[in-house]
Amino acid sequence: MESDLQIVVKGLPEDIGCAIGNAVATAVRTFKEADNEFDFRRMHRIVVTTDFAGELAELSAATASGNSITHTNEDYAVAIAKVMIIPHGDEFEIVPVINANFAAALAQEESDNFDREQFRSALHFLHHELCHVHDDNKKIDAFASDMLHTRYWGKDVYIRPLAEVCWSEYIATLLSCSTADENDVNGMMENFAEAVNRTKPLIDEEILSYRHHADLMKLLEAFGRHGEFLAKAAAYTLGYVDGLGKPLAELSKEAAEVLAGSYFESTWNSMHTALSNMLKVYPEGWKNLSIMNELVGAIESYYANMGLILSTTEDGHAYLDVPFRTETPPMT
């Protein structure tokens with residue numbers, strides 16, 4: 001671990017903030033001592049905050065894109081941590097941002113109200129976030145110049161960022177599964193199964209609404225909320241499948257039954273193949289962003305399977321075709 005690592009706690013009384021900061025620092029140090037290969041370079045601070053969304057907005061201005069970084073905030077899931085990559089000239093800083101309410105579970109080991117399951121779950125989640133730090137360092141080593149200078153155009157604006165997120169969640173889950181217990185795995189299996197059941201009807205409903213309002217950006221934003229969640233849930237689930245070395249049916253009979261024969265099965269299979277191929281040469285065989293191409297193809301096909309056909313025009317703009325289908329016919 002970097003000797004200058006700071007745990008910055010915001011929005012809490014000093015004594016509580018100090019206790020949480022010490023607990024987070026201890027956990028980080030323990031993980032590093034347990035695995036010397038854990039790569040924490042470029043991580044000089046961890047921000048623990050009561051204003052998670054506000055902190056992300058503040059740090060977003062310093063990212064390569066300068067765009068506001070959002071987080072999952074739906075009825076079915078709310079994000080509690082995010083790892084940011086902030087460029088500094090030709091280098092980068094990696095900054096994990098953690099919701100203070102979640103991190104507080106790590107500081108209660110000595111309290112009378114100690115909840116062992118809550119503590120263990122929080123520890124696993126922190127492990128997952130630190131695996132993002134590890135992976136981000138490997139990606140920066142492999143293609144720092146691409147990360148600094150590549151700007152996506154046309155359909156890639158929508159497809160490639162999602163592919164990159166899917167890899168990130170897959171590898172972070174795979175690397176952190178040693179601290180997961182049955183509850184963690186079961187919870188993710190349930191999330192995935194529910195997302196498969198929920199997402200296609202939601203997107204079909206959004207497409208039918210689009211037939212009336214004709215706002216393509218509104219449709220794409222809806223897919224970004226719901227469709228992207230399913231792809232990420234699949235990446236998490238595949239991380240457990242490959243990290244634990246067990247097929248989906250062994251981890252969750254219900255999830256396997258929901259997936260089998262569903263609209264998402266082909267995307268699951270193509271994602272699994274692409275992610276497995278990336279893992280085989282990770283990280284030494286990674287040279288540039290073309291390592292993502294197979295996964296990008298899987299994500300583009302996923303958009304198409306959901307009824308959104310993306311392409312790039314000759315002048316570099318994204319073009320979206322929403323063909324009529326049985327479940328999304330023209331308005332009457």
# chains A, B, ... in the order shown; residues from 1 in each chain; ligands from 1
$ select_by_dssp --residues "region 252-310 of chain A" --states "alpha helix (DSSP H)" --output "PyMOL selection string"
chain A and resi 253-259+265-280+293-305
$ write_last_selection --atoms "N, CA, C and O atoms" --output "CSV table (one decimal), in the first residue's frame"
chain,number,residue,atom,x,y,z
A,253,LYS,N,-30.0,-22.3,-9.0
A,253,LYS,CA,-30.8,-23.0,-9.9
A,253,LYS,C,-31.9,-22.0,-10.5
A,253,LYS,O,-32.2,-22.1,-11.7
A,254,GLU,N,-32.4,-21.1,-9.7
A,254,GLU,CA,-33.4,-20.2,-10.1
A,254,GLU,C,-32.9,-19.3,-11.3
A,254,GLU,O,-33.5,-19.1,-12.3
A,255,ALA,N,-31.7,-18.7,-11.0
A,255,ALA,CA,-31.1,-17.8,-12.0
A,255,ALA,C,-30.9,-18.5,-13.3
A,255,ALA,O,-31.1,-18.0,-14.4
A,256,ALA,N,-30.4,-19.8,-13.3
A,256,ALA,CA,-30.1,-20.5,-14.5
A,256,ALA,C,-31.4,-20.8,-15.2
A,256,ALA,O,-31.4,-20.8,-16.5
A,257,GLU,N,-32.5,-21.1,-14.5
A,257,GLU,CA,-33.8,-21.4,-15.1
A,257,GLU,C,-34.3,-20.1,-15.8
A,257,GLU,O,-34.9,-20.2,-16.9
A,258,VAL,N,-34.2,-19.0,-15.1
A,258,VAL,CA,-34.7,-17.7,-15.7
A,258,VAL,C,-33.9,-17.4,-17.0
A,258,VAL,O,-34.5,-16.9,-18.0
A,259,LEU,N,-32.6,-17.6,-17.0
A,259,LEU,CA,-31.8,-17.3,-18.1
A,259,LEU,C,-32.0,-18.2,-19.3
A,259,LEU,O,-32.1,-17.8,-20.5
A,265,GLU,N,-30.1,-14.8,-23.1
A,265,GLU,CA,-29.2,-16.0,-23.1
A,265,GLU,C,-28.0,-15.8,-24.1
A,265,GLU,O,-26.9,-16.1,-23.7
A,266,SER,N,-28.3,-15.4,-25.3
A,266,SER,CA,-27.3,-15.2,-26.3
A,266,SER,C,-26.3,-14.1,-25.9
A,266,SER,O,-25.0,-14.3,-26.1
A,267,THR,N,-26.7,-13.1,-25.2
A,267,THR,CA,-25.8,-12.0,-24.7
A,267,THR,C,-25.0,-12.6,-23.6
A,267,THR,O,-23.8,-12.3,-23.6
A,268,TRP,N,-25.6,-13.3,-22.7
A,268,TRP,CA,-24.8,-13.9,-21.6
A,268,TRP,C,-23.7,-14.8,-22.2
A,268,TRP,O,-22.5,-14.7,-21.7
A,269,ASN,N,-24.0,-15.6,-23.2
A,269,ASN,CA,-23.0,-16.5,-23.7
A,269,ASN,C,-21.9,-15.8,-24.4
A,269,ASN,O,-20.7,-16.1,-24.3
A,270,SER,N,-22.2,-14.7,-25.2
A,270,SER,CA,-21.2,-14.0,-25.9
A,270,SER,C,-20.4,-13.1,-25.0
A,270,SER,O,-19.2,-13.0,-25.2
A,271,MET,N,-21.0,-12.6,-23.9
A,271,MET,CA,-20.2,-11.9,-22.9
A,271,MET,C,-19.3,-12.8,-22.2
A,271,MET,O,-18.1,-12.5,-22.0
A,272,HIS,N,-19.7,-14.0,-21.9
A,272,HIS,CA,-18.9,-14.9,-21.1
A,272,HIS,C,-17.6,-15.3,-22.0
A,272,HIS,O,-16.5,-15.4,-21.5
A,273,THR,N,-17.9,-15.6,-23.3
A,273,THR,CA,-16.8,-15.9,-24.1
A,273,THR,C,-15.8,-14.8,-24.2
A,273,THR,O,-14.5,-15.0,-24.1
A,274,ALA,N,-16.3,-13.6,-24.4
A,274,ALA,CA,-15.4,-12.4,-24.6
A,274,ALA,C,-14.6,-12.1,-23.3
A,274,ALA,O,-13.4,-11.9,-23.3
A,275,LEU,N,-15.3,-12.2,-22.2
A,275,LEU,CA,-14.6,-11.9,-20.9
A,275,LEU,C,-13.6,-13.0,-20.6
A,275,LEU,O,-12.5,-12.7,-20.1
A,276,SER,N,-13.9,-14.2,-20.9
A,276,SER,CA,-12.9,-15.3,-20.6
A,276,SER,C,-11.7,-15.2,-21.5
A,276,SER,O,-10.6,-15.4,-21.0
A,277,ASN,N,-11.9,-14.8,-22.7
A,277,ASN,CA,-10.7,-14.6,-23.6
A,277,ASN,C,-9.9,-13.4,-23.2
A,277,ASN,O,-8.6,-13.4,-23.3
A,278,MET,N,-10.5,-12.3,-22.7
A,278,MET,CA,-9.7,-11.2,-22.1
A,278,MET,C,-8.9,-11.6,-20.9
A,278,MET,O,-7.8,-11.2,-20.7
A,279,LEU,N,-9.5,-12.5,-20.1
A,279,LEU,CA,-8.9,-12.9,-18.8
A,279,LEU,C,-7.7,-13.8,-19.1
A,279,LEU,O,-6.7,-13.7,-18.4
A,280,LYS,N,-7.7,-14.6,-20.2
A,280,LYS,CA,-6.6,-15.5,-20.5
A,280,LYS,C,-5.3,-14.7,-20.7
A,280,LYS,O,-4.2,-15.3,-20.5
A,293,ASN,N,-12.6,-5.5,-28.1
A,293,ASN,CA,-13.4,-5.5,-29.4
A,293,ASN,C,-14.4,-6.7,-29.3
A,293,ASN,O,-15.6,-6.5,-29.7
A,294,GLU,N,-14.1,-7.8,-28.8
A,294,GLU,CA,-15.0,-8.9,-28.8
A,294,GLU,C,-16.2,-8.6,-27.8
A,294,GLU,O,-17.3,-8.9,-28.2
A,295,LEU,N,-15.8,-8.1,-26.7
A,295,LEU,CA,-16.9,-7.7,-25.7
A,295,LEU,C,-17.7,-6.6,-26.3
A,295,LEU,O,-19.0,-6.5,-26.1
A,296,VAL,N,-17.1,-5.6,-27.0
A,296,VAL,CA,-17.9,-4.5,-27.6
A,296,VAL,C,-18.9,-5.1,-28.6
A,296,VAL,O,-20.1,-4.7,-28.6
A,297,GLY,N,-18.5,-6.1,-29.3
A,297,GLY,CA,-19.4,-6.7,-30.3
A,297,GLY,C,-20.6,-7.4,-29.5
A,297,GLY,O,-21.7,-7.3,-30.0
A,298,ALA,N,-20.3,-8.0,-28.4
A,298,ALA,CA,-21.4,-8.6,-27.6
A,298,ALA,C,-22.4,-7.6,-27.1
A,298,ALA,O,-23.6,-7.8,-27.1
A,299,ILE,N,-21.9,-6.4,-26.7
A,299,ILE,CA,-22.7,-5.3,-26.2
A,299,ILE,C,-23.5,-4.7,-27.3
A,299,ILE,O,-24.7,-4.4,-27.2
A,300,GLU,N,-22.9,-4.6,-28.5
A,300,GLU,CA,-23.7,-4.0,-29.6
A,300,GLU,C,-24.8,-5.0,-30.0
A,300,GLU,O,-26.0,-4.5,-30.3
A,301,SER,N,-24.6,-6.3,-30.0
A,301,SER,CA,-25.6,-7.2,-30.3
A,301,SER,C,-26.7,-7.2,-29.2
A,301,SER,O,-27.9,-7.4,-29.5
A,302,TYR,N,-26.3,-6.9,-28.0
A,302,TYR,CA,-27.3,-6.8,-26.9
A,302,TYR,C,-28.3,-5.7,-27.2
A,302,TYR,O,-29.5,-5.8,-27.0
A,303,TYR,N,-27.7,-4.5,-27.5
A,303,TYR,CA,-28.6,-3.4,-27.9
A,303,TYR,C,-29.6,-3.8,-29.0
A,303,TYR,O,-30.8,-3.5,-28.9
A,304,ALA,N,-29.0,-4.5,-30.0
A,304,ALA,CA,-29.9,-4.9,-31.1
A,304,ALA,C,-31.0,-5.9,-30.7
A,304,ALA,O,-32.1,-5.7,-31.1
A,305,ASN,N,-30.6,-6.8,-29.8
A,305,ASN,CA,-31.6,-7.8,-29.3
A,305,ASN,C,-32.7,-7.1,-28.6
A,305,ASN,O,-33.8,-7.6,-28.5
$ closest_residue --among "A:Ala235, A:Phe119, A:Pro330, A:Gly316" --to "Gly154 (chain A)" --atoms "only C-alpha atoms"
A:Gly316
$ residues_around --residues "region 83-94 of chain A" --least-positions-apart "2" --cutoff "9 Å" --atoms "only C-alpha atoms" --output "list of chain:residue names"
A:Phe40, A:Arg41, A:Arg42, A:Met43, A:His44, A:Arg45, A:Ile46, A:Leu56, A:Leu59, A:Ser60, A:Ala62, A:Thr63, A:Ala64, A:Ile69, A:Ala81, A:Pro96, A:Val97, A:Ile98, A:Glu129, A:Leu130, A:His132, A:Val133, A:Asp136, A:Asn137, A:Ile140, A:Ala144, A:Ser145, A:Leu148
$ atom_distance --atom1 "CA of Ile16 (chain A)" --atom2 "CA of Ala104 (chain A)"
8.6 Å
$ select_by_dssp --residues "region 13-238 of chain A" --states "strand (DSSP E)" --output "ChimeraX atom specification"
/A:45-49,73-74,77-78,81-88,91-99
$ atom_distance --atom1 "CA of Tyr152 (chain A)" --atom2 "CA of Pro323 (chain A)"
24.9 Å
$ closest_residue --among "A:Leu244, A:Ala195, A:Val24, A:Val322" --to "Asp215 (chain A)" --atoms "only C-alpha atoms"
A:Val322
$ decode --residues "region 182-198 of chain A" --atoms "all heavy atoms" --output "compact mmCIF listing (two decimals), in the first residue's frame"
# COMPACT_ATOMS: atom_id res chain seq x y z
N GLU A 182 -21.96 -17.02 1.19
CA GLU A 182 -23.16 -17.48 0.49
C GLU A 182 -24.19 -16.37 0.32
O GLU A 182 -24.86 -16.28 -0.72
CB GLU A 182 -23.77 -18.65 1.26
CG GLU A 182 -24.92 -19.33 0.54
CD GLU A 182 -25.43 -20.55 1.28
OE1 GLU A 182 -24.82 -20.91 2.31
OE2 GLU A 182 -26.44 -21.13 0.84
N ASN A 183 -24.31 -15.49 1.32
CA ASN A 183 -25.29 -14.41 1.22
C ASN A 183 -24.94 -13.43 0.10
O ASN A 183 -25.83 -12.94 -0.62
CB ASN A 183 -25.38 -13.66 2.55
CG ASN A 183 -26.06 -14.48 3.63
OD1 ASN A 183 -26.87 -15.36 3.33
ND2 ASN A 183 -25.74 -14.21 4.88
N ASP A 184 -23.64 -13.11 -0.04
CA ASP A 184 -23.21 -12.20 -1.11
C ASP A 184 -23.53 -12.80 -2.47
O ASP A 184 -24.07 -12.13 -3.35
CB ASP A 184 -21.70 -11.94 -1.00
CG ASP A 184 -21.31 -11.23 0.26
OD1 ASP A 184 -21.95 -10.22 0.60
OD2 ASP A 184 -20.37 -11.69 0.93
N VAL A 185 -23.18 -14.08 -2.64
CA VAL A 185 -23.39 -14.73 -3.93
C VAL A 185 -24.89 -14.86 -4.22
O VAL A 185 -25.35 -14.54 -5.32
CB VAL A 185 -22.71 -16.11 -3.95
CG1 VAL A 185 -22.99 -16.81 -5.28
CG2 VAL A 185 -21.20 -15.96 -3.74
N ASN A 186 -25.64 -15.30 -3.23
CA ASN A 186 -27.09 -15.46 -3.42
C ASN A 186 -27.76 -14.13 -3.76
O ASN A 186 -28.67 -14.06 -4.60
CB ASN A 186 -27.74 -16.06 -2.18
CG ASN A 186 -27.41 -17.53 -2.01
OD1 ASN A 186 -26.95 -18.19 -2.95
ND2 ASN A 186 -27.62 -18.06 -0.82
N GLY A 187 -27.30 -13.07 -3.09
CA GLY A 187 -27.87 -11.75 -3.36
C GLY A 187 -27.65 -11.33 -4.80
O GLY A 187 -28.55 -10.78 -5.44
N MET A 188 -26.44 -11.58 -5.32
CA MET A 188 -26.17 -11.22 -6.71
C MET A 188 -26.95 -12.10 -7.67
O MET A 188 -27.46 -11.62 -8.70
CB MET A 188 -24.67 -11.33 -7.01
CG MET A 188 -24.29 -10.94 -8.43
SD MET A 188 -25.02 -9.38 -9.01
CE MET A 188 -24.28 -8.23 -7.85
N MET A 189 -27.09 -13.38 -7.37
CA MET A 189 -27.87 -14.26 -8.23
C MET A 189 -29.32 -13.79 -8.31
O MET A 189 -29.94 -13.79 -9.38
CB MET A 189 -27.82 -15.70 -7.73
CG MET A 189 -26.43 -16.33 -7.69
SD MET A 189 -25.59 -16.39 -9.27
CE MET A 189 -24.10 -15.45 -8.87
N GLU A 190 -29.87 -13.39 -7.18
CA GLU A 190 -31.25 -12.88 -7.15
C GLU A 190 -31.36 -11.59 -7.97
O GLU A 190 -32.33 -11.40 -8.73
CB GLU A 190 -31.69 -12.63 -5.72
CG GLU A 190 -31.89 -13.90 -4.90
CD GLU A 190 -32.18 -13.63 -3.45
OE1 GLU A 190 -32.41 -12.44 -3.10
OE2 GLU A 190 -32.18 -14.58 -2.65
N ASN A 191 -30.38 -10.68 -7.80
CA ASN A 191 -30.39 -9.43 -8.57
C ASN A 191 -30.37 -9.70 -10.07
O ASN A 191 -31.09 -9.06 -10.85
CB ASN A 191 -29.18 -8.57 -8.19
CG ASN A 191 -29.37 -7.84 -6.89
OD1 ASN A 191 -30.48 -7.72 -6.39
ND2 ASN A 191 -28.28 -7.37 -6.32
N PHE A 192 -29.52 -10.65 -10.46
CA PHE A 192 -29.41 -10.97 -11.88
C PHE A 192 -30.70 -11.57 -12.42
O PHE A 192 -31.21 -11.15 -13.48
CB PHE A 192 -28.24 -11.94 -12.10
CG PHE A 192 -28.13 -12.46 -13.50
CD1 PHE A 192 -27.94 -11.59 -14.57
CD2 PHE A 192 -28.24 -13.82 -13.77
CE1 PHE A 192 -27.85 -12.07 -15.88
CE2 PHE A 192 -28.15 -14.30 -15.06
CZ PHE A 192 -27.96 -13.43 -16.12
N ALA A 193 -31.26 -12.53 -11.71
CA ALA A 193 -32.50 -13.16 -12.16
C ALA A 193 -33.63 -12.14 -12.26
O ALA A 193 -34.40 -12.12 -13.24
CB ALA A 193 -32.89 -14.30 -11.21
N GLU A 194 -33.74 -11.27 -11.27
CA GLU A 194 -34.77 -10.24 -11.30
C GLU A 194 -34.56 -9.28 -12.47
O GLU A 194 -35.52 -8.84 -13.11
CB GLU A 194 -34.78 -9.48 -9.98
CG GLU A 194 -35.30 -10.31 -8.80
CD GLU A 194 -35.10 -9.62 -7.46
OE1 GLU A 194 -34.55 -8.49 -7.45
OE2 GLU A 194 -35.47 -10.21 -6.44
N ALA A 195 -33.29 -8.95 -12.75
CA ALA A 195 -33.00 -8.04 -13.85
C ALA A 195 -33.37 -8.66 -15.20
O ALA A 195 -33.88 -7.98 -16.09
CB ALA A 195 -31.52 -7.65 -13.84
N VAL A 196 -33.11 -9.96 -15.37
CA VAL A 196 -33.51 -10.63 -16.61
C VAL A 196 -35.03 -10.57 -16.77
O VAL A 196 -35.55 -10.26 -17.85
CB VAL A 196 -33.02 -12.08 -16.63
CG1 VAL A 196 -33.57 -12.81 -17.86
CG2 VAL A 196 -31.49 -12.14 -16.66
N ASN A 197 -35.75 -10.86 -15.70
CA ASN A 197 -37.22 -10.83 -15.77
C ASN A 197 -37.77 -9.44 -16.03
O ASN A 197 -38.78 -9.28 -16.72
CB ASN A 197 -37.80 -11.37 -14.45
CG ASN A 197 -37.78 -12.88 -14.38
OD1 ASN A 197 -37.89 -13.57 -15.39
ND2 ASN A 197 -37.62 -13.41 -13.18
N ARG A 198 -37.10 -8.43 -15.49
CA ARG A 198 -37.65 -7.07 -15.47
C ARG A 198 -37.30 -6.26 -16.71
O ARG A 198 -38.10 -5.44 -17.18
CB ARG A 198 -37.07 -6.36 -14.23
CG ARG A 198 -37.41 -4.90 -14.10
CD ARG A 198 -36.73 -4.30 -12.86
NE ARG A 198 -35.29 -4.32 -12.96
CZ ARG A 198 -34.47 -4.92 -12.09
NH1 ARG A 198 -34.96 -5.56 -11.06
NH2 ARG A 198 -33.16 -4.88 -12.26
